[in-house]
Amino acid sequence: MRVALAQMCSGIDPATNAKVLRAHIGEAAAQGADILFTPEMTGLVDRDRSRAAASIYIEQEDPVLKEACVSAKNEQIWVALGSLAIKQSDSDAGKWLNRSFLIDPSGTIVARYDKIHLFDVDLDTGESWRESAAYEGGAEAVVAPVKAAMLGLSVCYDLRFPALYGALTNAGADILSVPAAFTVPTGEAHWEILLRARAIEAGVFVVAAAQSGLHDDGRTTYGHSMVIDPWGHVLLDMGADTGVATCDIDLDDIAKVRSRIPAITNRRTFASPKGAL
């Protein structure tokens with residue numbers, strides 16, 4: 001299977017981001033990719049939530065999602081749209097969803113996943129993030145078929161919670177999608193090692209498309225979109241540059257690795273530890 005990754009520096013205008021996405025889908029198809037993976041918040045990166053509110057839509061009206069579906073059909077390619085900010089209703093009331101979409105080559109949305117773990121943190125750099133102030137977390141893990149593979153969906157901060165990936169791989173996922181918009185400090189410290197850990201734990205491929213660079217809203221993201229194989233080797237690292245890159249993965253490698261370390265077969269359930277007496 002040939003996977004393509006779009007490393008983007010999405011801005012505050014969804015229409016502009018949609019044009020970039022269209023070009024990336026066309027480029028991925030031209031390079032013979034079976035599926036293109038895009039980053040978290042492909043359609044809008046804007047930490048000014050009052051301004052962003054005017055550019056966030058219900059799913060049926062989102063211009064970036066529409067572009068992804070039309071372009072997937074035109075180019076006959078799968079698209080794992082990392083995530084979009086989505087309104088839950090026409091009303092401005094209520095929190096948004098950070099939603100990932102899987103689109104097939106007919107342009108049909110075949111799976112949706114709402115980010116479960118929300119990023120609430122105060123960094124020693126002075127940066128403060130409160131994703132839960134604007135977004136509602138999801139509650140369901142999602143695995144969906146893509147050609148000969150089963151794809152497990154996740155988004156960014158989910159990466160730090162291995163129980164989710166245990167559930168995905170227990171359900172048959174052999175590729176894990178981790179679209180992200182990691183900050184530079186956390187990216188430098190933890191991005192690669194966490195991606196490799198998720199791959200090694202279950203003997204799966206990890207595909208992680210990321211935002212990269214200085215965005216219109218002033219934030220800077222880490223980049224380094226990656227493909228990791230089931231043994232934990234880095235097959236692709238896109239560095240800081242935006243654009244599209246492809247990587248061929250051999251799904252037979254999953255069985256080979258699992259025959260050496262049968263981690264999924266050896267998994268056990270167990271009772272929670274008791275409190276101190």
# chains A, B, ... in the order shown; residues from 1 in each chain; ligands from 1
$ residues_around --residues "Gly82 of chain A" --least-positions-apart "4" --cutoff "12 Å" --atoms "only C-alpha atoms" --output "MDAnalysis selection string"
chainID A and resid 5:8 21 36:44 64:65 68 98:103 111:115 153:156 176:181 207:211
$ residues_around --residues "Lys95 of chain A" --least-positions-apart "4" --cutoff "7 Å" --atoms "only C-alpha atoms" --output "VMD selection string"
chain A and resid 134 to 136
$ residues_around --residues "segment 189-196 of chain A" --least-positions-apart "5" --cutoff "9 Å" --atoms "only C-alpha atoms" --output "number ranges by chain"
A: 159-160, 178, 182, 184, 201, 206-208, 222, 224, 226-234
$ write_last_selection --atoms "N, CA and C atoms" --output "CSV table (one decimal), in the first residue's frame"
chain,number,residue,atom,x,y,z
A,159,LEU,N,-2.5,10.5,21.4
A,159,LEU,CA,-1.2,9.7,21.3
A,159,LEU,C,-0.6,9.4,22.7
A,160,ARG,N,-0.9,10.2,23.7
A,160,ARG,CA,-0.4,10.0,25.0
A,160,ARG,C,-1.1,9.0,25.9
A,178,VAL,N,-2.6,9.1,13.3
A,178,VAL,CA,-2.4,10.1,14.4
A,178,VAL,C,-2.2,11.5,13.8
A,182,PHE,N,1.1,19.3,17.0
A,182,PHE,CA,1.9,19.4,18.2
A,182,PHE,C,2.7,20.7,18.3
A,184,VAL,N,5.9,23.0,19.4
A,184,VAL,CA,7.3,22.7,19.2
A,184,VAL,C,8.0,22.1,20.5
A,201,GLU,N,4.2,-1.4,20.5
A,201,GLU,CA,3.3,-2.0,21.4
A,201,GLU,C,2.4,-3.1,20.8
A,206,VAL,N,2.1,3.1,12.0
A,206,VAL,CA,1.6,4.3,12.5
A,206,VAL,C,1.9,5.4,11.4
A,207,VAL,N,0.8,6.1,11.0
A,207,VAL,CA,0.9,7.2,10.0
A,207,VAL,C,0.4,8.4,10.7
A,208,ALA,N,1.3,9.4,10.8
A,208,ALA,CA,1.1,10.6,11.5
A,208,ALA,C,1.3,11.9,10.7
A,222,TYR,N,5.1,21.8,15.2
A,222,TYR,CA,6.4,21.0,15.1
A,222,TYR,C,6.6,20.4,13.8
A,224,HIS,N,7.3,17.3,11.3
A,224,HIS,CA,7.9,16.0,11.3
A,224,HIS,C,6.8,14.9,11.2
A,226,MET,N,5.3,11.6,10.1
A,226,MET,CA,6.0,10.3,10.1
A,226,MET,C,5.2,9.1,9.7
A,227,VAL,N,5.9,8.1,9.2
A,227,VAL,CA,5.4,6.8,9.0
A,227,VAL,C,6.4,5.9,9.8
A,228,ILE,N,5.8,5.1,10.7
A,228,ILE,CA,6.6,4.1,11.5
A,228,ILE,C,6.1,2.7,11.2
A,229,ASP,N,7.1,1.8,11.1
A,229,ASP,CA,6.7,0.4,10.8
A,229,ASP,C,6.5,-0.4,12.0
A,230,PRO,N,6.0,-1.6,11.9
A,230,PRO,CA,5.6,-2.4,13.1
A,230,PRO,C,6.8,-2.7,14.1
A,231,TRP,N,8.0,-2.6,13.6
A,231,TRP,CA,9.2,-2.9,14.5
A,231,TRP,C,9.7,-1.6,15.1
A,232,GLY,N,9.0,-0.5,14.8
A,232,GLY,CA,9.4,0.8,15.3
A,232,GLY,C,10.4,1.6,14.5
A,233,HIS,N,10.7,1.2,13.3
A,233,HIS,CA,11.6,2.0,12.4
A,233,HIS,C,10.8,3.1,11.8
A,234,VAL,N,11.5,4.3,11.7
A,234,VAL,CA,11.0,5.4,11.1
A,234,VAL,C,11.2,5.3,9.5
$ select_by_dssp --residues "segment 140-241 of chain A" --states "helix (DSSP H, G or I)" --output "PyMOL selection string"
chain A and resi 156-160+162-170+184-202
$ closest_atom_pairs --of "segment 5-66 of chain A" --to "segment 214-217 of chain A" --cutoff "8 Å" --atoms "only C-alpha atoms" --output "tab-separated table"
residue	atom	partner	partner_atom	distance
A:Cys9	CA	A:His215	CA	6.1
A:Ser10	CA	A:His215	CA	6.7
A:Gly11	CA	A:Asp216	CA	5.2
A:Ile12	CA	A:Asp216	CA	6.2
A:Val45	CA	A:Asp217	CA	7.2
A:Asp46	CA	A:Asp217	CA	5.4
A:Arg47	CA	A:Asp217	CA	6.3
A:Asp48	CA	A:Asp217	CA	7.3
$ write_last_selection --atoms "N, CA, C and O atoms" --output "short mmCIF file (atom, residue, chain, number, x, y, z; two decimals), in the first residue's frame"
data_model
loop_
_atom_site.label_atom_id
_atom_site.label_comp_id
_atom_site.auth_asym_id
_atom_site.auth_seq_id
_atom_site.Cartn_x
_atom_site.Cartn_y
_atom_site.Cartn_z
N CYS A 9 0.47 23.91 6.85
CA CYS A 9 0.50 25.04 7.78
C CYS A 9 -0.83 25.77 7.59
O CYS A 9 -0.89 26.86 7.01
N SER A 10 -1.89 25.15 8.07
CA SER A 10 -3.24 25.68 7.86
C SER A 10 -3.40 27.02 8.55
O SER A 10 -2.85 27.26 9.62
N GLY A 11 -4.19 27.90 7.90
CA GLY A 11 -4.39 29.23 8.43
C GLY A 11 -5.80 29.45 8.94
O GLY A 11 -6.53 28.51 9.25
N ILE A 12 -6.20 30.72 8.97
CA ILE A 12 -7.48 31.09 9.57
C ILE A 12 -8.61 31.19 8.55
O ILE A 12 -9.74 31.49 8.92
N VAL A 45 -6.83 26.62 11.58
CA VAL A 45 -6.00 26.73 12.77
C VAL A 45 -6.11 28.17 13.24
O VAL A 45 -5.58 29.08 12.61
N ASP A 46 -6.85 28.37 14.33
CA ASP A 46 -7.07 29.72 14.84
C ASP A 46 -7.35 29.66 16.33
O ASP A 46 -8.41 29.19 16.76
N ARG A 47 -6.41 30.12 17.13
CA ARG A 47 -6.61 30.05 18.58
C ARG A 47 -7.48 31.19 19.11
O ARG A 47 -7.83 31.20 20.30
N ASP A 48 -7.82 32.16 18.25
CA ASP A 48 -8.79 33.20 18.61
C ASP A 48 -10.18 32.61 18.39
O ASP A 48 -10.72 32.62 17.28
#
$ atom_distance --atom1 "atom CA of Leu164 of chain A" --atom2 "atom CA of Thr108 of chain A"
25.9 Å
$ residues_around --residues "Gly32 of chain A" --least-positions-apart "2" --cutoff "12 Å" --atoms "only C-alpha atoms" --output "list of chain:residue names"
A:Met1, A:Arg2, A:Val3, A:Ala4, A:Ile25, A:Gly26, A:Glu27, A:Ala28, A:Ala29, A:Ala30, A:Asp34, A:Ile35, A:Leu36, A:Glu75, A:Gln76, A:Ile77, A:Trp78, A:Ala245, A:Thr246, A:Cys247, A:Asp248
$ atom_distance --atom1 "atom CA of Thr169 of chain A" --atom2 "atom CA of Leu84 of chain A"
24.3 Å
$ atom_distance --atom1 "atom CA of Ala33 of chain A" --atom2 "atom CA of Ala144 of chain A"
18.4 Å
$ closest_residue --among "A:Leu151, A:Ala202, A:Leu235, A:Ala240" --to "Thr220 of chain A" --atoms "only C-alpha atoms"
A:Ala240
$ residues_around --residues "Ser132 of chain A" --least-positions-apart "3" --cutoff "10 Å" --atoms "only C-alpha atoms" --output "ChimeraX atom specification"
/A:95-96,117-120,129,135-137
$ residues_around --residues "Pro63 of chain A" --least-positions-apart "2" --cutoff "12 Å" --atoms "only C-alpha atoms" --output "PyMOL selection string"
chain A and resi 13-19+21-22+42-44+55-61+65-70+84-86
$ closest_residue --among "A:Lys147, A:Arg130, A:Arg49, A:Arg198" --to "Pro162 of chain A" --atoms "only C-alpha atoms"
A:Arg198
$ select_by_dssp --residues "segment 95-209 of chain A" --states "strand (DSSP E)" --output "VMD selection string"
chain A and resid 97 to 103 109 to 114 120 to 122 128 to 130 142 to 146 149 to 153 175 to 177 205 to 208
